[in-house]
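A.B. asks: Structure in structure tokens, see below.
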Amino acid sequence: MRAAIYPGSFDPLTNGHLSLIQRGLQMFDRVVVAIAVNPKKTPLFTMQERMQLIAEAIGPEPRVEIDHFEGLMVDYVRKRKMNVVLRGLRAMSDFEYEFQLANMNRRLAPELETVFMMTGEDYFYVSSNLVREVASFGGNVEGMVPPTVLAKLTEKFGKKAP
Ligand code: ADP
């Protein structure tokens, strides 16, 4: 049984994340989507909202589990007795950070392997950060996020008149 942990803030889930989960399911039998909770940051969506949005977007898929953790990712991965971490790579900008993170994690937990996947070309520029920012000014992020996330963003920020 091959399983991978896909950690992230998912604040909120985007179609880029979804594409990565779907690709991950082609490689792994099980994917655990793990929301990293950082008590020092105030997220746009609560952990419960984020979990629910992910569950709604994925639908009934027994091979996907949604969980959350606080603290070091390596501790969480160890606790779950797993050793593969799935991460996404977008443009060059992700590379440096992801490279640092993967090496730091390898140092902290040598048994851990990080696997990188790229999203489809439609989503390589999509980030939760940018989605939040655009939506907060009433911009249309349709097509970048699942419909349930779009509805929740519109509920939070409203919609600019066309
Ligand atoms: P973001 O970077 O969008 O705020 P996260 O911190 O939740 O999102 O990201 C979790 C992982 O998913 C990271 O490895 C990130 O590079 C990856 N990821 C996020 N969006 C995309 C995308 N559009 N294409 C590929 N990977 C992505």
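Residues are named by chain letter and number: chains run A, B, ... in the order of the structure tokens, numbers start at 1 in each chain, and ligands are numbered from 1 in the order shown.
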Which chains and residue numbers are within 7 Å of ligand 1, counting only C-alpha atoms and all ligand atoms, if I want them as a list in words?
C.D. replies: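 I would give the residues around ligand 1 as Pro7, Gly8, Ser9, Phe10, Asp11, Thr14, Asn15, Gly16, His17, Leu20, Arg87, Gly88, Leu89, Arg90, Asp94, Glu98, Met118, Thr119, Tyr123, Phe124, Tyr125, Val126, Ser127, Ser128 and Asn129 of chain A.
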A.B. asks: Could you save the residues just selected, with N, CA, C and O atoms, as a short mmCIF file (atom, residue, chain, number, x, y, z; two decimals), in the first residue's frame?
C.D. replies:
```
data_model
loop_
_atom_site.label_atom_id
_atom_site.label_comp_id
_atom_site.auth_asym_id
_atom_site.auth_seq_id
_atom_site.Cartn_x
_atom_site.Cartn_y
_atom_site.Cartn_z
N PRO A 7 0.85 17.95 2.37
CA PRO A 7 0.64 19.01 3.35
C PRO A 7 0.55 20.40 2.69
O PRO A 7 1.14 20.63 1.64
N GLY A 8 -0.17 21.28 3.33
CA GLY A 8 -0.26 22.64 2.80
C GLY A 8 -1.19 23.45 3.67
O GLY A 8 -1.78 22.93 4.61
N SER A 9 -1.33 24.74 3.32
CA SER A 9 -2.25 25.54 4.12
C SER A 9 -3.66 25.50 3.53
O SER A 9 -4.63 25.70 4.25
N PHE A 10 -3.76 25.30 2.23
CA PHE A 10 -5.07 25.16 1.57
C PHE A 10 -6.05 26.24 2.03
O PHE A 10 -7.18 25.96 2.42
N ASP A 11 -5.59 27.48 1.97
CA ASP A 11 -6.39 28.60 2.49
C ASP A 11 -6.71 29.58 1.36
O ASP A 11 -6.16 30.67 1.36
N THR A 14 -7.41 25.29 -4.10
CA THR A 14 -7.55 25.79 -5.47
C THR A 14 -7.62 24.60 -6.43
O THR A 14 -7.36 23.47 -6.04
N ASN A 15 -7.91 24.90 -7.69
CA ASN A 15 -7.91 23.82 -8.68
C ASN A 15 -6.51 23.27 -8.90
O ASN A 15 -6.34 22.15 -9.35
N GLY A 16 -5.50 24.08 -8.57
CA GLY A 16 -4.11 23.60 -8.65
C GLY A 16 -3.89 22.49 -7.63
O GLY A 16 -3.32 21.44 -7.94
N HIS A 17 -4.35 22.70 -6.41
CA HIS A 17 -4.26 21.67 -5.37
C HIS A 17 -5.02 20.41 -5.81
O HIS A 17 -4.52 19.30 -5.69
N LEU A 20 -3.31 18.37 -8.30
CA LEU A 20 -2.20 17.63 -7.69
C LEU A 20 -2.70 16.38 -6.94
O LEU A 20 -2.08 15.32 -7.01
N ARG A 87 4.46 17.19 -2.86
CA ARG A 87 4.44 18.65 -2.95
C ARG A 87 4.29 19.05 -4.41
O ARG A 87 4.61 18.28 -5.31
N GLY A 88 3.80 20.24 -4.61
CA GLY A 88 3.59 20.70 -5.98
C GLY A 88 4.64 21.71 -6.39
O GLY A 88 5.18 22.43 -5.55
N LEU A 89 4.92 21.73 -7.66
CA LEU A 89 5.84 22.74 -8.18
C LEU A 89 5.12 23.54 -9.26
O LEU A 89 4.56 22.98 -10.18
N ARG A 90 5.15 24.83 -9.07
CA ARG A 90 4.57 25.68 -10.11
C ARG A 90 5.71 26.24 -10.94
O ARG A 90 6.50 25.48 -11.48
N ASP A 94 8.63 28.59 -6.99
CA ASP A 94 8.43 27.56 -5.98
C ASP A 94 9.72 26.79 -5.72
O ASP A 94 9.90 26.23 -4.64
N GLU A 98 10.85 25.17 -2.10
CA GLU A 98 10.58 23.73 -1.99
C GLU A 98 11.89 22.94 -1.85
O GLU A 98 11.94 21.93 -1.14
N MET A 118 4.01 18.39 -10.96
CA MET A 118 3.62 19.69 -11.51
C MET A 118 2.14 19.66 -11.86
O MET A 118 1.61 18.61 -12.22
N THR A 119 1.52 20.81 -11.75
CA THR A 119 0.11 20.86 -12.14
C THR A 119 0.00 21.00 -13.64
O THR A 119 0.98 21.26 -14.32
N TYR A 123 -3.15 25.66 -14.43
CA TYR A 123 -3.15 26.10 -13.03
C TYR A 123 -1.78 26.46 -12.50
O TYR A 123 -1.64 26.72 -11.32
N PHE A 124 -0.79 26.49 -13.35
CA PHE A 124 0.56 26.66 -12.81
C PHE A 124 0.77 28.02 -12.17
O PHE A 124 1.67 28.21 -11.37
N TYR A 125 -0.09 28.97 -12.47
CA TYR A 125 0.07 30.32 -11.89
C TYR A 125 -0.88 30.54 -10.71
O TYR A 125 -0.89 31.60 -10.10
N VAL A 126 -1.71 29.55 -10.41
CA VAL A 126 -2.73 29.73 -9.37
C VAL A 126 -2.17 29.47 -7.99
O VAL A 126 -1.59 28.41 -7.74
N SER A 127 -2.32 30.43 -7.08
CA SER A 127 -1.92 30.21 -5.69
C SER A 127 -3.04 30.68 -4.78
O SER A 127 -3.83 31.57 -5.14
N SER A 128 -3.10 30.09 -3.60
CA SER A 128 -4.14 30.49 -2.64
C SER A 128 -4.01 31.97 -2.31
O SER A 128 -5.00 32.69 -2.20
N ASN A 129 -2.76 32.40 -2.18
CA ASN A 129 -2.46 33.80 -1.86
C ASN A 129 -3.09 34.76 -2.85
O ASN A 129 -3.77 35.72 -2.47
#
```
A.B. asks: I'd like the neighbourhood of segment 36-50 of chain A as a short mmCIF file (atom, residue, chain, number, x, y, z; two decimals) with C-alpha atoms, in the first residue's frame, where a residue qualifies if any of its atoms comes within 10 Å (using only C-alpha atoms), though same-chain residues fewer than 5 positions away should be ignored.
C.D. replies:
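Saved file result.cif follows:
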```cif
data_model
loop_
_atom_site.label_atom_id
_atom_site.label_comp_id
_atom_site.auth_asym_id
_atom_site.auth_seq_id
_atom_site.Cartn_x
_atom_site.Cartn_y
_atom_site.Cartn_z
CA PRO A 7 0.64 19.01 3.35
CA GLY A 8 -0.26 22.64 2.80
CA SER A 9 -2.25 25.54 4.12
CA PHE A 10 -5.07 25.16 1.57
CA ASP A 11 -6.39 28.60 2.49
CA PRO A 12 -8.40 28.05 0.34
CA LEU A 13 -8.16 24.91 -1.82
CA ALA A 55 -14.12 17.26 1.36
CA GLU A 56 -16.81 18.86 -0.81
CA ILE A 66 -8.37 14.89 5.10
CA ASP A 67 -6.53 15.66 8.30
CA HIS A 68 -4.74 18.56 10.03
CA PHE A 69 -1.64 19.02 12.11
CA GLU A 70 0.18 21.62 14.15
CA GLY A 71 3.93 21.86 14.56
CA LEU A 72 6.63 20.21 12.53
CA MET A 73 5.51 18.33 9.49
CA TYR A 76 3.23 14.54 11.98
CA ARG A 132 -7.44 35.45 -1.72
CA VAL A 149 -14.80 27.59 -2.72
CA LYS A 152 -17.62 30.77 0.01
CA LEU A 153 -15.28 33.51 -1.25
CA LYS A 156 -17.01 36.49 2.43
#
```
A.B. asks: Can you work out which one of A:Met82, A:Val32, A:Val115, A:Ala102 has the shortest atom-to-atom distance to Ile54 of chain A, counting only C-alpha atoms?
C.D. replies: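 Using only C-alpha atoms, Ile54 of chain A sits closest to A:Val32.
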A.B. asks: Please list as a VMD selection string every residue within 9 Å of Thr114 of chain A, counting only C-alpha atoms and excluding residues in the same chain fewer than 5 positions away.
C.D. replies: chain A and resid 83 to 87 102 105 to 106
A.B. asks: Would you list, as a PyMOL selection string, the residues of segment 16-141 of chain A that end up in strand (DSSP E or B) under DSSP run on this structure's backbone?
C.D. replies: chain A and resi 30-37+64-70+84-89+113-118
A.B. asks: Can you measure atom CA of Leu108 of chain A to atom CA of Val74 of chain A for me? One decimal in Å is fine.
C.D. replies: 7.1 Å
A.B. asks: Among the residues of segment 40-159 of chain A, find those DSSP assigns to alpha helix (DSSP H) from the backbone and print them as a PyMOL selection string.
C.D. replies: chain A and resi 47-58+73-79+92-108+128-136+147-157
A.B. asks: Between A:Ile5, A:Val145, A:Phe95, A:Glu65, which has the minimum distance to Asp122 of chain A (counting only C-alpha atoms)?
C.D. replies: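 Closest to Asp122 of chain A of all the choices is A:Val145.
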A.B. asks: Leaving out Val64 of chain A and any residue of its chain fewer than 5 positions from it, which residues lie within 8 Å of it when counting only C-alpha atoms, given as a VMD selection string?
C.D. replies: chain A and resid 30 to 33
